[in-house]
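J.: So here's protein.json (JSON, C-alpha atoms).
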[["chain", "number", "residue", "atom", "x", "y", "z"],
["V", 1, "MET", "CA", 0.00, 0.00, 0.00],
["V", 2, "ASP", "CA", 1.16, 3.52, -0.59],
["V", 3, "SER", "CA", 1.44, 6.18, 2.09],
["V", 4, "SER", "CA", -1.61, 8.19, 0.93],
["V", 5, "THR", "CA", -3.86, 5.14, 1.32],
["V", 6, "ASN", "CA", -2.40, 4.43, 4.75],
["V", 7, "SER", "CA", -2.93, 8.01, 5.87],
["V", 8, "ASP", "CA", -6.56, 7.88, 4.67],
["V", 9, "ILE", "CA", -7.14, 4.66, 6.59],
["V", 10, "GLU", "CA", -5.45, 6.08, 9.69],
["V", 11, "ALA", "CA", -7.62, 9.21, 9.46],
["V", 12, "GLU", "CA", -10.73, 7.08, 9.23],
["V", 13, "LEU", "CA", -9.51, 5.00, 12.18],
["V", 14, "ASP", "CA", -9.11, 8.22, 14.20],
["V", 15, "GLU", "CA", -12.63, 9.33, 13.28],
["V", 16, "LEU", "CA", -14.02, 5.91, 14.19],
["V", 17, "SER", "CA", -12.21, 5.97, 17.53],
["V", 18, "VAL", "CA", -13.78, 9.31, 18.41],
["V", 19, "ARG", "CA", -17.18, 8.11, 17.20],
["V", 20, "VAL", "CA", -16.92, 4.94, 19.31],
["V", 21, "LEU", "CA", -16.19, 7.03, 22.41],
["V", 22, "GLU", "CA", -19.17, 9.30, 21.67],
["V", 23, "LEU", "CA", -21.43, 6.26, 21.17],
["V", 24, "MET", "CA", -20.22, 4.69, 24.40],
["V", 25, "ASN", "CA", -21.11, 7.92, 26.22],
["V", 26, "GLN", "CA", -24.58, 7.98, 24.59],
["V", 27, "PHE", "CA", -25.06, 4.32, 25.52],
["V", 28, "ILE", "CA", -24.26, 5.00, 29.18],
["V", 29, "VAL", "CA", -26.53, 8.06, 29.24],
["V", 30, "CYS", "CA", -29.38, 6.02, 27.73],
["V", 31, "LYS", "CA", -28.91, 3.26, 30.30],
["V", 32, "VAL", "CA", -29.00, 5.77, 33.15],
["V", 33, "ASN", "CA", -32.14, 7.39, 31.70],
["V", 34, "ILE", "CA", -33.81, 4.00, 31.35],
["V", 35, "GLU", "CA", -32.97, 3.20, 34.95],
["V", 36, "ASN", "CA", -34.38, 6.54, 36.15],
["V", 37, "TYR", "CA", -37.60, 6.19, 34.14],
["V", 38, "VAL", "CA", -38.19, 2.60, 35.28],
["V", 39, "ARG", "CA", -37.58, 3.60, 38.91],
["V", 40, "SER", "CA", -39.95, 6.57, 38.61],
["V", 41, "GLY", "CA", -42.62, 4.49, 36.86],
["V", 42, "CYS", "CA", -42.43, 1.75, 39.48],
["V", 43, "ILE", "CA", -42.71, 4.28, 42.30],
["V", 44, "ASP", "CA", -45.78, 5.83, 40.67],
["V", 45, "LEU", "CA", -47.25, 2.37, 40.22],
["V", 46, "ALA", "CA", -46.64, 1.59, 43.89],
["V", 47, "LYS", "CA", -48.33, 4.87, 44.87],
["V", 48, "ALA", "CA", -51.35, 3.95, 42.77],
["V", 49, "ARG", "CA", -51.54, 0.55, 44.43],
["V", 50, "TYR", "CA", -51.27, 2.16, 47.86],
["V", 51, "ILE", "CA", -54.02, 4.68, 47.08],
["V", 52, "ASN", "CA", -56.49, 2.19, 45.59],
["V", 53, "GLY", "CA", -55.43, -0.93, 47.45],
["V", 54, "ASN", "CA", -53.36, -3.83, 46.19],
["V", 55, "ARG", "CA", -56.38, -5.70, 44.84],
["V", 56, "SER", "CA", -57.60, -2.86, 42.63],
["V", 57, "ILE", "CA", -54.33, -2.58, 40.65],
["V", 58, "SER", "CA", -52.82, -5.99, 40.10],
["V", 59, "ALA", "CA", -51.69, -8.39, 37.42],
["V", 60, "LEU", "CA", -55.11, -10.06, 37.52],
["V", 61, "GLN", "CA", -56.54, -7.16, 35.52],
["V", 62, "LEU", "CA", -54.07, -7.57, 32.68],
["V", 63, "PRO", "CA", -55.38, -9.25, 29.54],
["V", 64, "THR", "CA", -54.37, -12.79, 28.72],
["V", 65, "GLU", "CA", -52.86, -13.84, 25.41],
["V", 66, "ASP", "CA", -56.23, -14.89, 24.01],
["V", 67, "ALA", "CA", -58.02, -11.62, 24.88],
["V", 68, "LEU", "CA", -59.94, -10.13, 21.97],
["V", 69, "GLY", "CA", -59.29, -6.59, 20.83],
["V", 70, "VAL", "CA", -55.90, -6.15, 22.49],
["V", 71, "GLN", "CA", -53.21, -4.86, 20.15],
["V", 72, "ALA", "CA", -49.84, -3.25, 20.61],
["V", 73, "LYS", "CA", -50.01, 0.52, 20.91],
["V", 74, "PHE", "CA", -46.53, 1.05, 19.47],
["V", 75, "LYS", "CA", -44.63, -0.57, 16.65],
["V", 76, "VAL", "CA", -40.86, -0.62, 16.24],
["V", 77, "SER", "CA", -39.53, -1.57, 12.82],
["V", 78, "PRO", "CA", -36.06, -1.68, 11.27],
["V", 79, "GLU", "CA", -34.99, 0.59, 8.42],
["V", 80, "GLU", "CA", -31.93, 0.47, 6.18],
["V", 81, "VAL", "CA", -29.36, 3.26, 6.59],
["V", 82, "GLU", "CA", -27.91, 4.82, 3.45],
["V", 83, "GLY", "CA", -24.15, 4.63, 3.08],
["V", 84, "LYS", "CA", -23.80, 1.81, 5.61],
["V", 85, "PRO", "CA", -24.21, -1.64, 4.08],
["V", 86, "ASN", "CA", -25.68, -4.34, 6.32],
["V", 87, "PHE", "CA", -26.68, -1.80, 8.96],
["V", 88, "GLN", "CA", -30.25, -1.38, 10.18],
["V", 89, "ARG", "CA", -31.52, 1.29, 12.51],
["V", 90, "TYR", "CA", -34.78, 0.92, 14.37],
["V", 91, "GLN", "CA", -37.36, 3.62, 13.91],
["V", 92, "SER", "CA", -38.61, 5.38, 16.96],
["V", 93, "ALA", "CA", -41.79, 3.96, 18.42],
["V", 94, "GLU", "CA", -44.77, 5.15, 16.43],
["V", 95, "ASN", "CA", -48.44, 5.08, 17.26],
["V", 96, "LEU", "CA", -50.41, 2.46, 15.39],
["V", 97, "ASN", "CA", -53.78, 3.14, 13.86],
["V", 98, "LEU", "CA", -56.07, 1.15, 16.12],
["V", 99, "ASP", "CA", -59.01, 1.36, 13.72],
["V", 100, "ASP", "CA", -57.59, -0.96, 11.07],
["V", 101, "LYS", "CA", -59.67, -3.71, 9.49],
["V", 102, "GLY", "CA", -58.23, -6.57, 11.54],
["V", 103, "LEU", "CA", -59.27, -5.02, 14.83],
["V", 104, "SER", "CA", -62.76, -4.06, 13.71],
["V", 105, "SER", "CA", -63.40, -7.54, 12.30],
["V", 106, "SER", "CA", -62.39, -9.12, 15.62],
["V", 107, "PHE", "CA", -64.87, -6.84, 17.43],
["V", 108, "LYS", "CA", -67.65, -7.80, 15.01],
["V", 109, "SER", "CA", -67.15, -11.46, 15.88],
["V", 110, "ILE", "CA", -67.74, -10.79, 19.61],
["V", 111, "ASP", "CA", -71.06, -11.97, 20.96],
["V", 112, "LEU", "CA", -71.87, -9.50, 23.75],
["V", 113, "ASN", "CA", -74.28, -11.94, 25.40],
["V", 114, "SER", "CA", -71.71, -14.71, 25.64],
["V", 115, "PRO", "CA", -69.92, -14.83, 29.03],
["V", 116, "ASP", "CA", -66.73, -16.11, 27.34],
["V", 117, "ASP", "CA", -66.52, -13.09, 25.02],
["V", 118, "LYS", "CA", -67.26, -10.65, 27.86],
["V", 119, "SER", "CA", -64.25, -11.90, 29.78],
["V", 120, "LYS", "CA", -62.02, -11.64, 26.70],
["V", 121, "ARG", "CA", -62.91, -8.00, 25.85],
["V", 122, "PHE", "CA", -60.45, -5.30, 26.85],
["V", 123, "SER", "CA", -60.22, -1.61, 26.10],
["V", 124, "ASN", "CA", -57.38, -0.27, 23.95],
["V", 125, "ASP", "CA", -56.48, 2.16, 26.74],
["V", 126, "PRO", "CA", -54.64, 0.18, 29.44],
["V", 127, "LEU", "CA", -55.72, 2.64, 32.14],
["V", 128, "LYS", "CA", -59.34, 1.56, 31.65],
["V", 129, "TRP", "CA", -58.39, -2.00, 32.59],
["V", 130, "PHE", "CA", -58.14, -0.72, 36.17],
["V", 131, "GLY", "CA", -61.41, 1.21, 36.25],
["V", 132, "PHE", "CA", -62.65, 4.58, 35.08],
["V", 133, "LEU", "CA", -61.40, 6.73, 37.96],
["V", 134, "VAL", "CA", -57.75, 5.79, 38.20],
["V", 135, "PRO", "CA", -55.27, 7.70, 40.37],
["V", 136, "GLN", "CA", -53.07, 10.38, 38.81],
["V", 137, "SER", "CA", -49.99, 8.38, 39.80],
["V", 138, "LEU", "CA", -51.17, 5.52, 37.56],
["V", 139, "ARG", "CA", -51.49, 7.95, 34.64],
["V", 140, "GLN", "CA", -48.00, 9.27, 35.37],
["V", 141, "SER", "CA", -46.67, 5.72, 35.52],
["V", 142, "LYS", "CA", -48.14, 4.97, 32.09],
["V", 143, "SER", "CA", -46.56, 8.05, 30.50],
["V", 144, "THR", "CA", -43.24, 7.35, 32.21],
["V", 145, "PHE", "CA", -43.11, 3.82, 30.84],
["V", 146, "GLU", "CA", -44.01, 5.12, 27.36],
["V", 147, "LYS", "CA", -41.06, 7.55, 27.54],
["V", 148, "CYS", "CA", -38.90, 4.67, 28.70],
["V", 149, "LEU", "CA", -39.92, 2.68, 25.63],
["V", 150, "GLU", "CA", -38.71, 5.48, 23.36],
["V", 151, "ILE", "CA", -35.38, 5.62, 25.18],
["V", 152, "VAL", "CA", -35.01, 1.84, 24.88],
["V", 153, "VAL", "CA", -35.40, 2.15, 21.10],
["V", 154, "GLU", "CA", -32.81, 4.94, 21.06],
["V", 155, "ASN", "CA", -30.49, 2.78, 23.18],
["V", 156, "VAL", "CA", -30.80, -0.14, 20.76],
["V", 157, "ASN", "CA", -29.93, 2.18, 17.87],
["V", 158, "VAL", "CA", -26.86, 3.49, 19.69],
["V", 159, "GLN", "CA", -25.80, -0.05, 20.52],
["V", 160, "LEU", "CA", -26.21, -1.20, 16.90],
["V", 161, "GLU", "CA", -24.23, 1.76, 15.60],
["V", 162, "LEU", "CA", -21.53, 1.10, 18.21],
["V", 163, "GLN", "CA", -21.23, -2.53, 17.11],
["V", 164, "HIS", "CA", -21.11, -1.47, 13.46],
["V", 165, "SER", "CA", -18.39, 1.12, 14.18],
["V", 166, "ILE", "CA", -16.28, -1.37, 16.13],
["V", 167, "GLN", "CA", -16.61, -3.90, 13.31],
["V", 168, "ARG", "CA", -15.55, -1.28, 10.76],
["V", 169, "TYR", "CA", -12.61, -0.31, 12.98],
["V", 170, "LYS", "CA", -11.44, -3.93, 13.12],
["V", 171, "GLU", "CA", -11.71, -4.26, 9.36],
["V", 172, "LEU", "CA", -9.60, -1.13, 8.81],
["V", 173, "ARG", "CA", -6.97, -2.26, 11.32],
["V", 174, "ASN", "CA", -6.70, -5.62, 9.59],
["V", 175, "SER", "CA", -6.27, -3.88, 6.23],
["V", 176, "LEU", "CA", -3.30, -1.92, 7.61],
["V", 177, "GLU", "CA", -1.49, -5.07, 8.74]]
So that I can check it, write out the structure of this file as structure tokens.
T.:
Amino acid sequence: MDSSTNSDIEAELDELSVRVLELMNQFIVCKVNIENYVRSGCIDLAKARYINGNRSISALQLPTEDALGVQAKFKVSPEEVEGKPNFQRYQSAENLNLDDKGLSSSFKSIDLNSPDDKSKRFSNDPLKWFGFLVPQSLRQSKSTFEKCLEIVVENVNVQLELQHSIQRYKELRNSLE
């Protein structure tokens, strides 16, 4: 190899080294934020249980796997990144349209007089699973966990980019040898 090619590779190695350090810092910040949001959400959830009693907010009110009408509120999907082959970045959590045809057809098949279908029906708003007058701390807990979900997606993206940068760094180092 000639010296101009080596200097280009070394310059790219320097840039990758700095980028890896920046990504490591972002990764640590994301982890700390996740920890803080989870702690805050759990404390708010505990407050709600204390206010309403442990029987009014419990896992027994959560829908089972075969519950009708329950769909994910957020969707996370991968997208290709231009200029980086074999690298996917996950899109931030986006709200799904809950009025799509699949959901409305499952509601049409519910027999409201059947006791089996009554037990399988759940509202799309998780707060309504615990009653109509829920404590403010339960609402805060829901929004805190939603924010946490967005940070988790960001953390995964940082981690994927960090792995990609480290792999590229190794490839460049091997090309110098």
J.: Give the answer as one residue: which of V:Gln167, V:Gln26, V:Asn36, V:Asn52 has the shortest atom-to-atom distance to Thr144 of chain V, using all atoms listed in the file?
T.: V:Asn36
J.: Please compute the atom CA of Asn25 of chain V-atom CA of Val153 of chain V distance, one decimal, in Å.
T.: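 We find that atom CA of Asn25 of chain V and atom CA of Val153 of chain V lie 16.2 Å from each other.
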J.: Looking at all atoms listed in the file, which of V:Leu160, V:Ser56, V:Glu79, V:Cys42 is the one that sits closest to Phe132 of chain V?
T.: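 Counting all atoms listed in the file, the residue closest to Phe132 of chain V is V:Ser56.
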J.: Could you jot down the atom CA of Leu172 of chain V to atom CA of Leu13 of chain V separation for me, Å, one decimal place?
T.: 7.0 Å
J.: To one decimal in Å, tell me the separation between atom CA of Ser141 of chain V and atom CA of Arg89 of chain V.
T.: 27.9 Å
J.: So, counting only C-alpha atoms, which residue among V:Leu45, V:Ile28, V:Gly131, V:Glu161 is closest to Gln88 of chain V?
T.: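 Smallest distance to Gln88 of chain V is found for V:Glu161.
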J.: Would you please work out which residue, of V:Arg139, V:Lys147, V:Lys170, V:Arg19, is nearest to Glu35 of chain V when using all atoms listed in the file?
T.: V:Lys147
J.: Which residue, V:Pro78, V:Gly53, V:Gly41, V:Pro135, has the smallest gap to Val156 of chain V when you use all atoms listed in the file?
T.: V:Pro78
J.: Calculated over only C-alpha atoms, which of the candidates V:Leu176, V:Asn6, V:Leu138, V:Leu162 has the smallest distance to Met24 of chain V?
T.: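 So, comparing all the options, the nearest one is V:Leu162.
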J.: Which residues, protein or nucleic acid, reach to within 10 Å of (-37.3, 4.9, 24.4) in the file's coordinates when using only C-alpha atoms, and can you give that as a list in words?
T.: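 Final list of nearby residues, as requested, is Cys30, Asn33, Ile34, Tyr37, Ser92, Ala93, Phe145, Glu146, Lys147, Cys148, Leu149, Glu150, Ile151, Val152, Val153, Glu154, Asn155 and Val156 of chain V.
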